[in-house]
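my_file34.cif (mmCIF, C-alpha atoms) appears below.
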```
data_structure
loop_
_atom_site.label_atom_id
_atom_site.label_comp_id
_atom_site.auth_asym_id
_atom_site.auth_seq_id
_atom_site.Cartn_x
_atom_site.Cartn_y
_atom_site.Cartn_z
CA MET A 1 63.93 25.07 -20.54
CA ALA A 2 62.02 28.25 -21.39
CA SER A 3 64.02 31.12 -22.85
CA THR A 4 63.87 34.72 -21.73
CA GLU A 5 63.43 35.72 -25.38
CA PRO A 6 59.81 36.56 -26.20
CA ALA A 7 58.10 34.17 -28.59
CA VAL A 8 54.73 35.95 -28.61
CA VAL A 9 54.13 39.67 -28.07
CA CYS A 10 50.79 41.44 -28.36
CA SER A 11 50.45 45.17 -27.83
CA GLY A 12 47.04 46.81 -27.98
CA LEU A 13 45.86 43.99 -30.22
CA VAL A 14 42.39 44.56 -31.66
CA ARG A 15 40.49 42.38 -34.09
CA ARG A 16 37.12 43.56 -35.34
CA TYR A 17 34.29 41.80 -37.11
CA GLY A 18 32.33 44.75 -38.40
CA GLU A 19 31.67 46.96 -35.37
CA ARG A 20 32.23 44.16 -32.86
CA ARG A 21 35.63 43.87 -31.21
CA ALA A 22 36.40 40.16 -30.93
CA LEU A 23 39.73 41.16 -29.37
CA ASP A 24 39.84 44.44 -27.51
CA GLY A 25 43.32 45.76 -26.71
CA ILE A 26 45.22 42.61 -25.70
CA ASP A 27 48.70 43.10 -24.20
CA LEU A 28 50.91 40.13 -23.34
CA THR A 29 54.41 38.70 -23.64
CA LEU A 30 55.20 34.97 -23.68
CA GLY A 31 58.74 33.63 -23.54
CA GLU A 32 60.09 30.92 -25.83
CA GLY A 33 59.27 27.46 -24.53
CA GLN A 34 56.51 28.76 -22.27
CA THR A 35 52.82 27.90 -22.34
CA LEU A 36 49.99 30.42 -22.38
CA VAL A 37 46.57 28.97 -21.57
CA VAL A 38 43.59 31.11 -22.57
CA PHE A 39 40.27 30.74 -20.74
CA GLY A 40 36.90 32.32 -21.34
CA PRO A 41 33.32 31.53 -22.32
CA ASN A 42 32.29 30.82 -25.89
CA GLY A 43 32.60 34.01 -27.92
CA ALA A 44 35.18 35.54 -25.58
CA GLY A 45 37.86 35.77 -28.30
CA LYS A 46 39.99 32.67 -27.68
CA THR A 47 39.74 31.27 -31.18
CA THR A 48 40.18 34.71 -32.73
CA LEU A 49 43.43 35.19 -30.80
CA LEU A 50 44.75 31.84 -32.04
CA ARG A 51 43.76 32.66 -35.61
CA VAL A 52 45.56 36.03 -35.45
CA LEU A 53 48.70 34.37 -34.06
CA SER A 54 48.50 31.71 -36.78
CA THR A 55 48.39 34.47 -39.48
CA LEU A 56 44.92 33.35 -40.61
CA LEU A 57 43.53 36.74 -39.50
CA ARG A 58 45.17 40.16 -39.57
CA PRO A 59 45.02 42.51 -36.60
CA SER A 60 42.62 45.42 -37.03
CA GLU A 61 44.67 47.61 -34.69
CA GLY A 62 47.71 47.23 -32.49
CA ASP A 63 50.61 44.85 -32.96
CA ALA A 64 51.29 41.15 -32.71
CA SER A 65 54.60 39.38 -33.27
CA LEU A 66 55.67 35.75 -33.27
CA LEU A 67 59.32 34.70 -32.94
CA GLY A 68 60.34 38.28 -33.61
CA SER A 69 58.31 38.73 -36.81
CA ASP A 70 55.54 41.32 -37.12
CA LEU A 71 52.46 39.29 -38.07
CA ARG A 72 50.91 42.18 -39.96
CA LYS A 73 53.93 42.64 -42.24
CA GLU A 74 55.98 39.44 -42.01
CA GLY A 75 53.56 36.63 -41.37
CA TRP A 76 55.09 34.64 -44.22
CA LYS A 77 58.33 34.34 -42.25
CA VAL A 78 56.80 32.30 -39.44
CA ARG A 79 54.07 30.19 -41.06
CA SER A 80 56.41 27.20 -41.42
CA LYS A 81 57.27 27.47 -37.71
CA ILE A 82 53.64 27.27 -36.52
CA GLY A 83 51.59 24.17 -35.79
CA PHE A 84 47.91 25.13 -35.71
CA LEU A 85 45.11 22.93 -34.39
CA GLY A 86 41.70 24.56 -34.69
CA HIS A 87 38.12 23.39 -34.38
CA GLN A 88 38.29 22.24 -38.01
CA SER A 89 40.73 19.40 -38.70
CA LEU A 90 42.03 20.91 -41.98
CA CYS A 91 42.21 17.32 -43.27
CA TYR A 92 40.62 16.26 -46.57
CA GLY A 93 37.84 13.72 -46.19
CA ASP A 94 38.37 12.10 -49.61
CA LEU A 95 42.03 11.38 -48.82
CA THR A 96 43.35 8.71 -46.49
CA ALA A 97 45.23 9.63 -43.34
CA ARG A 98 48.55 8.82 -44.98
CA GLU A 99 47.65 10.83 -48.07
CA ASN A 100 46.67 13.82 -45.91
CA LEU A 101 49.98 13.74 -44.09
CA ARG A 102 51.98 13.28 -47.29
CA TYR A 103 50.23 16.28 -48.80
CA HIS A 104 50.94 18.36 -45.69
CA ALA A 105 54.58 17.27 -45.81
CA ARG A 106 54.85 18.49 -49.39
CA LEU A 107 53.36 21.84 -48.44
CA HIS A 108 56.17 22.25 -45.89
CA GLY A 109 58.89 21.02 -48.22
CA ILE A 110 59.60 17.85 -46.23
CA ASN A 111 61.15 15.60 -48.87
CA ASP A 112 61.54 12.36 -46.92
CA ALA A 113 58.58 12.32 -44.55
CA ALA A 114 57.61 8.64 -44.75
CA ALA A 115 59.28 7.61 -41.49
CA ARG A 116 57.92 10.64 -39.65
CA ILE A 117 54.39 9.95 -40.91
CA GLU A 118 54.50 6.31 -39.89
CA ALA A 119 55.85 7.20 -36.45
CA LEU A 120 53.02 9.71 -35.89
CA LEU A 121 50.33 7.29 -37.04
CA GLU A 122 51.76 4.62 -34.74
CA GLN A 123 51.98 7.05 -31.81
CA THR A 124 48.33 8.04 -32.18
CA GLY A 125 46.99 4.55 -32.80
CA LEU A 126 46.01 5.26 -36.41
CA SER A 127 48.54 3.16 -38.31
CA GLY A 128 46.11 0.25 -38.79
CA ARG A 129 43.55 2.57 -40.40
CA GLY A 130 45.94 4.94 -42.12
CA ASP A 131 44.80 3.87 -45.60
CA GLU A 132 41.12 4.56 -44.93
CA ARG A 133 39.50 7.71 -46.26
CA VAL A 134 39.15 10.26 -43.51
CA PHE A 135 35.43 10.94 -44.09
CA GLY A 136 34.73 7.65 -42.27
CA TYR A 137 36.71 8.59 -39.18
CA SER A 138 35.10 9.21 -35.80
CA ARG A 139 35.58 12.63 -34.21
CA GLY A 140 38.26 11.24 -31.94
CA MET A 141 40.19 9.67 -34.80
CA LEU A 142 39.93 12.90 -36.80
CA GLN A 143 41.25 14.86 -33.83
CA ARG A 144 44.23 12.53 -33.54
CA LEU A 145 44.95 12.91 -37.25
CA ALA A 146 44.66 16.70 -36.98
CA ILE A 147 47.24 16.62 -34.19
CA CYS A 148 49.55 14.56 -36.43
CA ARG A 149 49.12 17.19 -39.15
CA ALA A 150 49.84 20.05 -36.75
CA VAL A 151 53.12 18.59 -35.48
CA LEU A 152 54.35 16.81 -38.62
CA HIS A 153 56.77 19.60 -39.59
CA GLU A 154 58.08 19.92 -36.00
CA PRO A 155 57.03 23.54 -35.50
CA GLN A 156 58.55 25.83 -32.90
CA VAL A 157 55.14 27.16 -31.81
CA LEU A 158 51.95 25.19 -31.20
CA LEU A 159 48.61 27.01 -31.34
CA LEU A 160 46.02 24.62 -29.94
CA ASP A 161 42.28 25.21 -29.69
CA GLU A 162 40.90 22.74 -27.11
CA PRO A 163 43.36 20.07 -28.32
CA ARG A 164 42.01 17.23 -26.18
CA SER A 165 38.36 17.64 -27.15
CA ASN A 166 36.68 14.48 -28.50
CA LEU A 167 39.49 12.32 -27.08
CA ASP A 168 39.01 9.51 -24.57
CA PRO A 169 41.60 9.00 -21.79
CA ALA A 170 43.60 6.46 -23.83
CA ALA A 171 43.78 8.82 -26.82
CA ILE A 172 44.84 11.73 -24.60
CA GLU A 173 47.69 9.59 -23.32
CA GLN A 174 48.70 8.82 -26.91
CA VAL A 175 48.84 12.44 -28.06
CA GLU A 176 50.40 13.91 -24.92
CA PRO A 177 54.00 13.30 -26.08
CA LEU A 178 53.17 15.32 -29.20
CA ILE A 179 51.42 18.36 -27.70
CA GLY A 180 52.17 18.26 -23.97
CA ALA A 181 54.56 20.41 -21.97
CA ALA A 182 57.36 17.88 -22.38
CA VAL A 183 57.77 18.76 -26.06
CA GLY A 184 59.42 22.00 -24.94
CA ARG A 185 57.76 24.13 -27.61
CA THR A 186 56.10 27.47 -27.10
CA ARG A 187 52.37 26.77 -26.79
CA VAL A 188 49.21 28.87 -26.79
CA ILE A 189 46.23 26.75 -25.74
CA ALA A 190 42.55 27.66 -25.61
CA SER A 191 40.90 25.67 -22.84
CA HIS A 192 37.72 25.25 -20.81
CA ASP A 193 39.43 23.00 -18.24
CA PRO A 194 40.50 25.15 -15.26
CA ALA A 195 42.42 22.50 -13.35
CA GLY A 196 44.05 20.88 -16.37
CA GLY A 197 44.87 24.20 -18.00
CA LEU A 198 46.46 25.62 -14.88
CA ALA A 199 48.58 22.49 -14.47
CA GLU A 200 50.29 23.02 -17.85
CA ALA A 201 50.35 26.83 -18.01
CA ASP A 202 53.16 29.26 -17.32
CA LEU A 203 50.92 32.24 -18.05
CA VAL A 204 47.13 32.51 -17.88
CA LEU A 205 44.96 34.85 -19.94
CA GLY A 206 41.27 35.21 -19.15
CA LEU A 207 39.05 36.75 -21.82
CA ARG A 208 35.52 38.07 -21.65
CA ASN A 209 33.90 39.88 -24.58
CA GLY A 210 37.29 40.19 -26.24
CA ALA A 211 38.97 41.97 -23.31
CA ALA A 212 41.60 40.60 -20.96
CA THR A 213 40.06 40.42 -17.49
CA LEU A 214 42.84 38.19 -16.14
CA LEU A 215 46.53 38.00 -17.02
CA ALA A 216 48.93 36.48 -14.51
CA PRO A 217 51.49 33.73 -13.96
CA ALA A 218 49.71 30.42 -13.49
CA ALA A 219 51.14 30.04 -9.98
CA GLU A 220 49.16 33.13 -8.94
CA VAL A 221 45.82 32.01 -10.42
CA THR A 222 43.18 29.81 -8.81
CA THR A 223 40.49 27.67 -10.40
CA GLU A 224 37.95 29.90 -8.65
CA GLN A 225 39.27 32.94 -10.51
CA ILE A 226 38.94 31.09 -13.80
CA GLY A 227 35.41 30.04 -12.87
CA GLU A 228 34.47 33.70 -12.47
CA LEU A 229 35.09 34.20 -16.19
CA TYR A 230 32.13 31.93 -16.96
CA ARG A 231 29.61 33.59 -14.64
#
```
Encoding of this model in structure tokens:
Amino acid sequence: MASTEPAVVCSGLVRRYGERRALDGIDLTLGEGQTLVVFGPNGAGKTTLLRVLSTLLRPSEGDASLLGSDLRKEGWKVRSKIGFLGHQSLCYGDLTARENLRYHARLHGINDAAARIEALLEQTGLSGRGDERVFGYSRGMLQRLAICRAVLHEPQVLLLDEPRSNLDPAAIEQVEPLIGAAVGRTRVIASHDPAGGLAEADLVLGLRNGAATLLAPAAEVTTEQIGELYR
């Protein structure tokens, strides 16, 4: 059950690339265990928001906090509590799937990760090819491995950039127990799927040119309103 404690807070959040504002004064509060789904056309600022929340980018102005820690000053406190899935898999092509996950486990100080790794590979249908180098994986296989990497350390917060892209229906069913609403974690998801995104959201943020043009509980948002963001 979602907590009333805020997991994510943004206040006047700005992120610039040169003179361009990729995020332009974002204000929002997301409770623990809730899901924020972010919609908007390419270049609207969705990925930038996820990268700021993941501590990969620093805010240019304003404030952002995650699990009570100021990301500008205390990002180090929350990095181990974040599972980030971006457009890049962050997996090493010259390593096998198992080697990638073992390396990630060491980075997070997980001393006995073998059982967890095998369970994730089995869940995602990769166990039979877990000793193959990743550079030979299809996009769908790489996406499944990236999801394994993102959840391996059982993070409190999942930051997911189009997590079901490149996945066929069977693969989506495999990964759903790892990234779906049933996991009970706080989630921020960038999506282009109005119906699917609304179905799993508690809060909806619509971005256009870095600015929030829509922010409302999912129950108050229609697919038509989301469609307007893309016109």
At a cut-off of 12 Å, using all atoms listed in the file, what residues contact Leu50 in chain A? Leave out same-chain residues fewer than 3 positions from it and give the result as JSON, numbers by chain.
{"A": [8, 10, 15, 22, 23, 36, 37, 38, 45, 46, 47, 53, 54, 55, 56, 57, 58, 59, 64, 66, 82, 83, 84, 85, 86, 87, 157, 158, 159, 160, 161, 162, 187, 188, 189, 190, 191]}
Could you pull out every residue with an atom within 12 Å of (43.9, 36.8, -14.3), file coordinates, counting all atoms listed in the file, and send them as number ranges by chain? A: 28, 36-40, 198, 203-208, 211-229
Take the PyMOL selection byres ((chain A and resi 172) around 12), run it mentally on this structure, and tell me the resulting residues as a PDB file with C-alpha atoms, in the frame of the given file.
```pdb
ATOM      1  CA  GLN A 123      51.980   7.050 -31.810  1.00  0.00           C
ATOM      2  CA  THR A 124      48.330   8.040 -32.180  1.00  0.00           C
ATOM      3  CA  GLY A 125      46.990   4.550 -32.800  1.00  0.00           C
ATOM      4  CA  GLY A 140      38.260  11.240 -31.940  1.00  0.00           C
ATOM      5  CA  MET A 141      40.190   9.670 -34.800  1.00  0.00           C
ATOM      6  CA  GLN A 143      41.250  14.860 -33.830  1.00  0.00           C
ATOM      7  CA  ARG A 144      44.230  12.530 -33.540  1.00  0.00           C
ATOM      8  CA  ILE A 147      47.240  16.620 -34.190  1.00  0.00           C
ATOM      9  CA  GLU A 162      40.900  22.740 -27.110  1.00  0.00           C
ATOM     10  CA  PRO A 163      43.360  20.070 -28.320  1.00  0.00           C
ATOM     11  CA  ARG A 164      42.010  17.230 -26.180  1.00  0.00           C
ATOM     12  CA  SER A 165      38.360  17.640 -27.150  1.00  0.00           C
ATOM     13  CA  ASN A 166      36.680  14.480 -28.500  1.00  0.00           C
ATOM     14  CA  LEU A 167      39.490  12.320 -27.080  1.00  0.00           C
ATOM     15  CA  ASP A 168      39.010   9.510 -24.570  1.00  0.00           C
ATOM     16  CA  PRO A 169      41.600   9.000 -21.790  1.00  0.00           C
ATOM     17  CA  ALA A 170      43.600   6.460 -23.830  1.00  0.00           C
ATOM     18  CA  ALA A 171      43.780   8.820 -26.820  1.00  0.00           C
ATOM     19  CA  GLU A 173      47.690   9.590 -23.320  1.00  0.00           C
ATOM     20  CA  GLN A 174      48.700   8.820 -26.910  1.00  0.00           C
ATOM     21  CA  VAL A 175      48.840  12.440 -28.060  1.00  0.00           C
ATOM     22  CA  GLU A 176      50.400  13.910 -24.920  1.00  0.00           C
ATOM     23  CA  PRO A 177      54.000  13.300 -26.080  1.00  0.00           C
ATOM     24  CA  LEU A 178      53.170  15.320 -29.200  1.00  0.00           C
ATOM     25  CA  ILE A 179      51.420  18.360 -27.700  1.00  0.00           C
ATOM     26  CA  GLY A 180      52.170  18.260 -23.970  1.00  0.00           C
TER      27      GLY A 180
END
```
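Compared by their closest atoms to Leu120 in chain A, and using all atoms listed in the file, the residues A:Tyr103, A:Lys81, A:Glu154, A:Thr48 rank with A:Glu154 nearest.
Between Ala113 in chain A and the residues A:Phe135, A:Tyr17, A:Asp202, A:His153, the shortest atom-to-atom distance, using all atoms listed in the file, involves A:His153.
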Once you add 3 Å to each side, what are the centre and edge lengths of the axis-aligned box holding all listed atoms of range 219-231 of chain A? One decimal in Å, as AutoDock Vina command-line options, if you can.
```
--center_x 40.4 --center_y 30.9 --center_z -12.8 --size_x 27.5 --size_y 12.5 --size_z 14.3
```
What separates CA of Gly136 in chain A and CA of Asp94 in chain A is a distance of 9.3 Å
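If you look at CA of Gln88 in chain A and CA of Ala146 in chain A, they are 8.5 Å away from each other.
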Shell around Ser80 in chain A at 9 Å using all atoms listed in the file, local window under 3 positions removed, as a PyMOL selection string
chain A and resi 76-77+83+108+153+155-156
inquiry  = the PyMOL selection byres ((chain A and resi 14) around 7) - which residues does that actually catch in the file I just gave you? List them as number ranges by chain.
reply    = A: 12-13, 15-16, 21, 23-26, 59-62
May I have the residues from that selection written out with C-alpha atoms, as an mmCIF file, keeping the file's coordinate frame?
```
data_model
loop_
_atom_site.group_PDB
_atom_site.id
_atom_site.type_symbol
_atom_site.label_atom_id
_atom_site.label_comp_id
_atom_site.auth_asym_id
_atom_site.auth_seq_id
_atom_site.Cartn_x
_atom_site.Cartn_y
_atom_site.Cartn_z
ATOM 1 C CA GLY A 12 47.040 46.810 -27.980
ATOM 2 C CA LEU A 13 45.860 43.990 -30.220
ATOM 3 C CA ARG A 15 40.490 42.380 -34.090
ATOM 4 C CA ARG A 16 37.120 43.560 -35.340
ATOM 5 C CA ARG A 21 35.630 43.870 -31.210
ATOM 6 C CA LEU A 23 39.730 41.160 -29.370
ATOM 7 C CA ASP A 24 39.840 44.440 -27.510
ATOM 8 C CA GLY A 25 43.320 45.760 -26.710
ATOM 9 C CA ILE A 26 45.220 42.610 -25.700
ATOM 10 C CA PRO A 59 45.020 42.510 -36.600
ATOM 11 C CA SER A 60 42.620 45.420 -37.030
ATOM 12 C CA GLU A 61 44.670 47.610 -34.690
ATOM 13 C CA GLY A 62 47.710 47.230 -32.490
#
```
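Across the structure, CA of Leu101 in chain A and CA of Val151 in chain A are spaced 10.4 Å apart.
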Shortest contact to Leu71 in chain A, candidates A:Cys148, A:Leu142, A:Val52, A:Ile110, atoms counted only C-alpha atoms, goes to A:Val52
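Distance check against Ala115 in chain A using all atoms listed in the file: of A:Ala199, A:Arg185, A:Arg98, A:Leu49, the minimum falls on A:Arg98.
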* Once you count all atoms listed in the file, which residues end up no further than 10 Å from (49.0, 12.6, -46.9) in the file's frame, shown as a ChimeraX atom specification? -> /A:91-92,95-106,113-114,117,130-131,149
Of A:Pro194, A:Ala182, A:Gln34, A:Arg116, the one sitting nearest Pro6 in chain A when using only C-alpha atoms is A:Gln34
Fill-in result for range 109-135 of chain A, N, CA, C and O atoms as a PDB file, keeping the file's coordinate frame:
```pdb
ATOM      1  N   GLY A 109      57.592  21.310 -47.619  1.00  0.00           N
ATOM      2  CA  GLY A 109      58.890  21.020 -48.220  1.00  0.00           C
ATOM      3  C   GLY A 109      59.654  19.911 -47.532  1.00  0.00           C
ATOM      4  O   GLY A 109      60.891  19.882 -47.573  1.00  0.00           O
ATOM      5  N   ILE A 110      58.939  18.979 -46.888  1.00  0.00           N
ATOM      6  CA  ILE A 110      59.600  17.850 -46.230  1.00  0.00           C
ATOM      7  C   ILE A 110      59.724  16.745 -47.279  1.00  0.00           C
ATOM      8  O   ILE A 110      58.747  16.115 -47.667  1.00  0.00           O
ATOM      9  N   ASN A 111      60.940  16.501 -47.740  1.00  0.00           N
ATOM     10  CA  ASN A 111      61.150  15.600 -48.870  1.00  0.00           C
ATOM     11  C   ASN A 111      61.062  14.124 -48.487  1.00  0.00           C
ATOM     12  O   ASN A 111      60.571  13.310 -49.262  1.00  0.00           O
ATOM     13  N   ASP A 112      61.537  13.769 -47.324  1.00  0.00           N
ATOM     14  CA  ASP A 112      61.540  12.360 -46.920  1.00  0.00           C
ATOM     15  C   ASP A 112      60.764  12.236 -45.613  1.00  0.00           C
ATOM     16  O   ASP A 112      61.334  12.122 -44.531  1.00  0.00           O
ATOM     17  N   ALA A 113      59.434  12.268 -45.745  1.00  0.00           N
ATOM     18  CA  ALA A 113      58.580  12.320 -44.550  1.00  0.00           C
ATOM     19  C   ALA A 113      57.988  10.967 -44.175  1.00  0.00           C
ATOM     20  O   ALA A 113      57.275  10.865 -43.179  1.00  0.00           O
ATOM     21  N   ALA A 114      58.282   9.925 -44.952  1.00  0.00           N
ATOM     22  CA  ALA A 114      57.610   8.640 -44.750  1.00  0.00           C
ATOM     23  C   ALA A 114      57.800   8.113 -43.331  1.00  0.00           C
ATOM     24  O   ALA A 114      56.833   7.677 -42.687  1.00  0.00           O
ATOM     25  N   ALA A 115      59.022   8.138 -42.826  1.00  0.00           N
ATOM     26  CA  ALA A 115      59.280   7.610 -41.490  1.00  0.00           C
ATOM     27  C   ALA A 115      58.574   8.437 -40.428  1.00  0.00           C
ATOM     28  O   ALA A 115      58.028   7.891 -39.453  1.00  0.00           O
ATOM     29  N   ARG A 116      58.594   9.752 -40.603  1.00  0.00           N
ATOM     30  CA  ARG A 116      57.920  10.640 -39.650  1.00  0.00           C
ATOM     31  C   ARG A 116      56.425  10.379 -39.648  1.00  0.00           C
ATOM     32  O   ARG A 116      55.786  10.323 -38.597  1.00  0.00           O
ATOM     33  N   ILE A 117      55.825  10.215 -40.814  1.00  0.00           N
ATOM     34  CA  ILE A 117      54.390   9.950 -40.910  1.00  0.00           C
ATOM     35  C   ILE A 117      54.032   8.646 -40.225  1.00  0.00           C
ATOM     36  O   ILE A 117      53.074   8.575 -39.449  1.00  0.00           O
ATOM     37  N   GLU A 118      54.801   7.601 -40.503  1.00  0.00           N
ATOM     38  CA  GLU A 118      54.500   6.310 -39.890  1.00  0.00           C
ATOM     39  C   GLU A 118      54.657   6.360 -38.375  1.00  0.00           C
ATOM     40  O   GLU A 118      53.868   5.753 -37.636  1.00  0.00           O
ATOM     41  N   ALA A 119      55.649   7.086 -37.890  1.00  0.00           N
ATOM     42  CA  ALA A 119      55.850   7.200 -36.450  1.00  0.00           C
ATOM     43  C   ALA A 119      54.673   7.919 -35.789  1.00  0.00           C
ATOM     44  O   ALA A 119      54.214   7.529 -34.704  1.00  0.00           O
ATOM     45  N   LEU A 120      54.151   8.969 -36.449  1.00  0.00           N
ATOM     46  CA  LEU A 120      53.020   9.710 -35.890  1.00  0.00           C
ATOM     47  C   LEU A 120      51.743   8.866 -35.891  1.00  0.00           C
ATOM     48  O   LEU A 120      50.985   8.860 -34.920  1.00  0.00           O
ATOM     49  N   LEU A 121      51.509   8.145 -36.976  1.00  0.00           N
ATOM     50  CA  LEU A 121      50.330   7.290 -37.040  1.00  0.00           C
ATOM     51  C   LEU A 121      50.403   6.191 -35.974  1.00  0.00           C
ATOM     52  O   LEU A 121      49.398   5.849 -35.343  1.00  0.00           O
ATOM     53  N   GLU A 122      51.590   5.653 -35.774  1.00  0.00           N
ATOM     54  CA  GLU A 122      51.760   4.620 -34.740  1.00  0.00           C
ATOM     55  C   GLU A 122      51.545   5.211 -33.354  1.00  0.00           C
ATOM     56  O   GLU A 122      50.867   4.619 -32.512  1.00  0.00           O
ATOM     57  N   GLN A 123      52.106   6.401 -33.115  1.00  0.00           N
ATOM     58  CA  GLN A 123      51.980   7.050 -31.810  1.00  0.00           C
ATOM     59  C   GLN A 123      50.516   7.302 -31.456  1.00  0.00           C
ATOM     60  O   GLN A 123      50.107   7.155 -30.301  1.00  0.00           O
ATOM     61  N   THR A 124      49.722   7.665 -32.433  1.00  0.00           N
ATOM     62  CA  THR A 124      48.330   8.040 -32.180  1.00  0.00           C
ATOM     63  C   THR A 124      47.340   6.899 -32.420  1.00  0.00           C
ATOM     64  O   THR A 124      46.129   7.115 -32.393  1.00  0.00           O
ATOM     65  N   GLY A 125      47.855   5.695 -32.644  1.00  0.00           N
ATOM     66  CA  GLY A 125      46.990   4.550 -32.800  1.00  0.00           C
ATOM     67  C   GLY A 125      46.221   4.501 -34.100  1.00  0.00           C
ATOM     68  O   GLY A 125      45.192   3.819 -34.203  1.00  0.00           O
ATOM     69  N   LEU A 126      46.721   5.183 -35.133  1.00  0.00           N
ATOM     70  CA  LEU A 126      46.010   5.260 -36.410  1.00  0.00           C
ATOM     71  C   LEU A 126      46.674   4.439 -37.517  1.00  0.00           C
ATOM     72  O   LEU A 126      46.146   4.397 -38.638  1.00  0.00           O
ATOM     73  N   SER A 127      47.793   3.816 -37.233  1.00  0.00           N
ATOM     74  CA  SER A 127      48.540   3.160 -38.310  1.00  0.00           C
ATOM     75  C   SER A 127      47.724   2.065 -38.992  1.00  0.00           C
ATOM     76  O   SER A 127      47.797   1.886 -40.206  1.00  0.00           O
ATOM     77  N   GLY A 128      46.914   1.329 -38.220  1.00  0.00           N
ATOM     78  CA  GLY A 128      46.110   0.250 -38.790  1.00  0.00           C
ATOM     79  C   GLY A 128      44.992   0.724 -39.690  1.00  0.00           C
ATOM     80  O   GLY A 128      44.447  -0.059 -40.472  1.00  0.00           O
ATOM     81  N   ARG A 129      44.634   2.012 -39.578  1.00  0.00           N
ATOM     82  CA  ARG A 129      43.550   2.570 -40.400  1.00  0.00           C
ATOM     83  C   ARG A 129      44.031   3.753 -41.230  1.00  0.00           C
ATOM     84  O   ARG A 129      43.251   4.574 -41.694  1.00  0.00           O
ATOM     85  N   GLY A 130      45.341   3.818 -41.409  1.00  0.00           N
ATOM     86  CA  GLY A 130      45.940   4.940 -42.120  1.00  0.00           C
ATOM     87  C   GLY A 130      45.627   4.995 -43.595  1.00  0.00           C
ATOM     88  O   GLY A 130      45.831   6.031 -44.232  1.00  0.00           O
ATOM     89  N   ASP A 131      45.128   3.877 -44.171  1.00  0.00           N
ATOM     90  CA  ASP A 131      44.800   3.870 -45.600  1.00  0.00           C
ATOM     91  C   ASP A 131      43.294   3.971 -45.840  1.00  0.00           C
ATOM     92  O   ASP A 131      42.823   3.755 -46.965  1.00  0.00           O
ATOM     93  N   GLU A 132      42.556   4.308 -44.784  1.00  0.00           N
ATOM     94  CA  GLU A 132      41.120   4.560 -44.930  1.00  0.00           C
ATOM     95  C   GLU A 132      40.874   6.045 -45.198  1.00  0.00           C
ATOM     96  O   GLU A 132      41.570   6.903 -44.659  1.00  0.00           O
ATOM     97  N   ARG A 133      39.853   6.314 -46.016  1.00  0.00           N
ATOM     98  CA  ARG A 133      39.500   7.710 -46.260  1.00  0.00           C
ATOM     99  C   ARG A 133      38.995   8.347 -44.962  1.00  0.00           C
ATOM    100  O   ARG A 133      38.252   7.744 -44.197  1.00  0.00           O
ATOM    101  N   VAL A 134      39.378   9.581 -44.783  1.00  0.00           N
ATOM    102  CA  VAL A 134      39.150  10.260 -43.510  1.00  0.00           C
ATOM    103  C   VAL A 134      37.667  10.541 -43.264  1.00  0.00           C
ATOM    104  O   VAL A 134      37.251  10.658 -42.107  1.00  0.00           O
ATOM    105  N   PHE A 135      36.851  10.613 -44.319  1.00  0.00           N
ATOM    106  CA  PHE A 135      35.430  10.940 -44.090  1.00  0.00           C
ATOM    107  C   PHE A 135      34.738   9.882 -43.231  1.00  0.00           C
ATOM    108  O   PHE A 135      33.689  10.157 -42.649  1.00  0.00           O
TER     109      PHE A 135
END
```
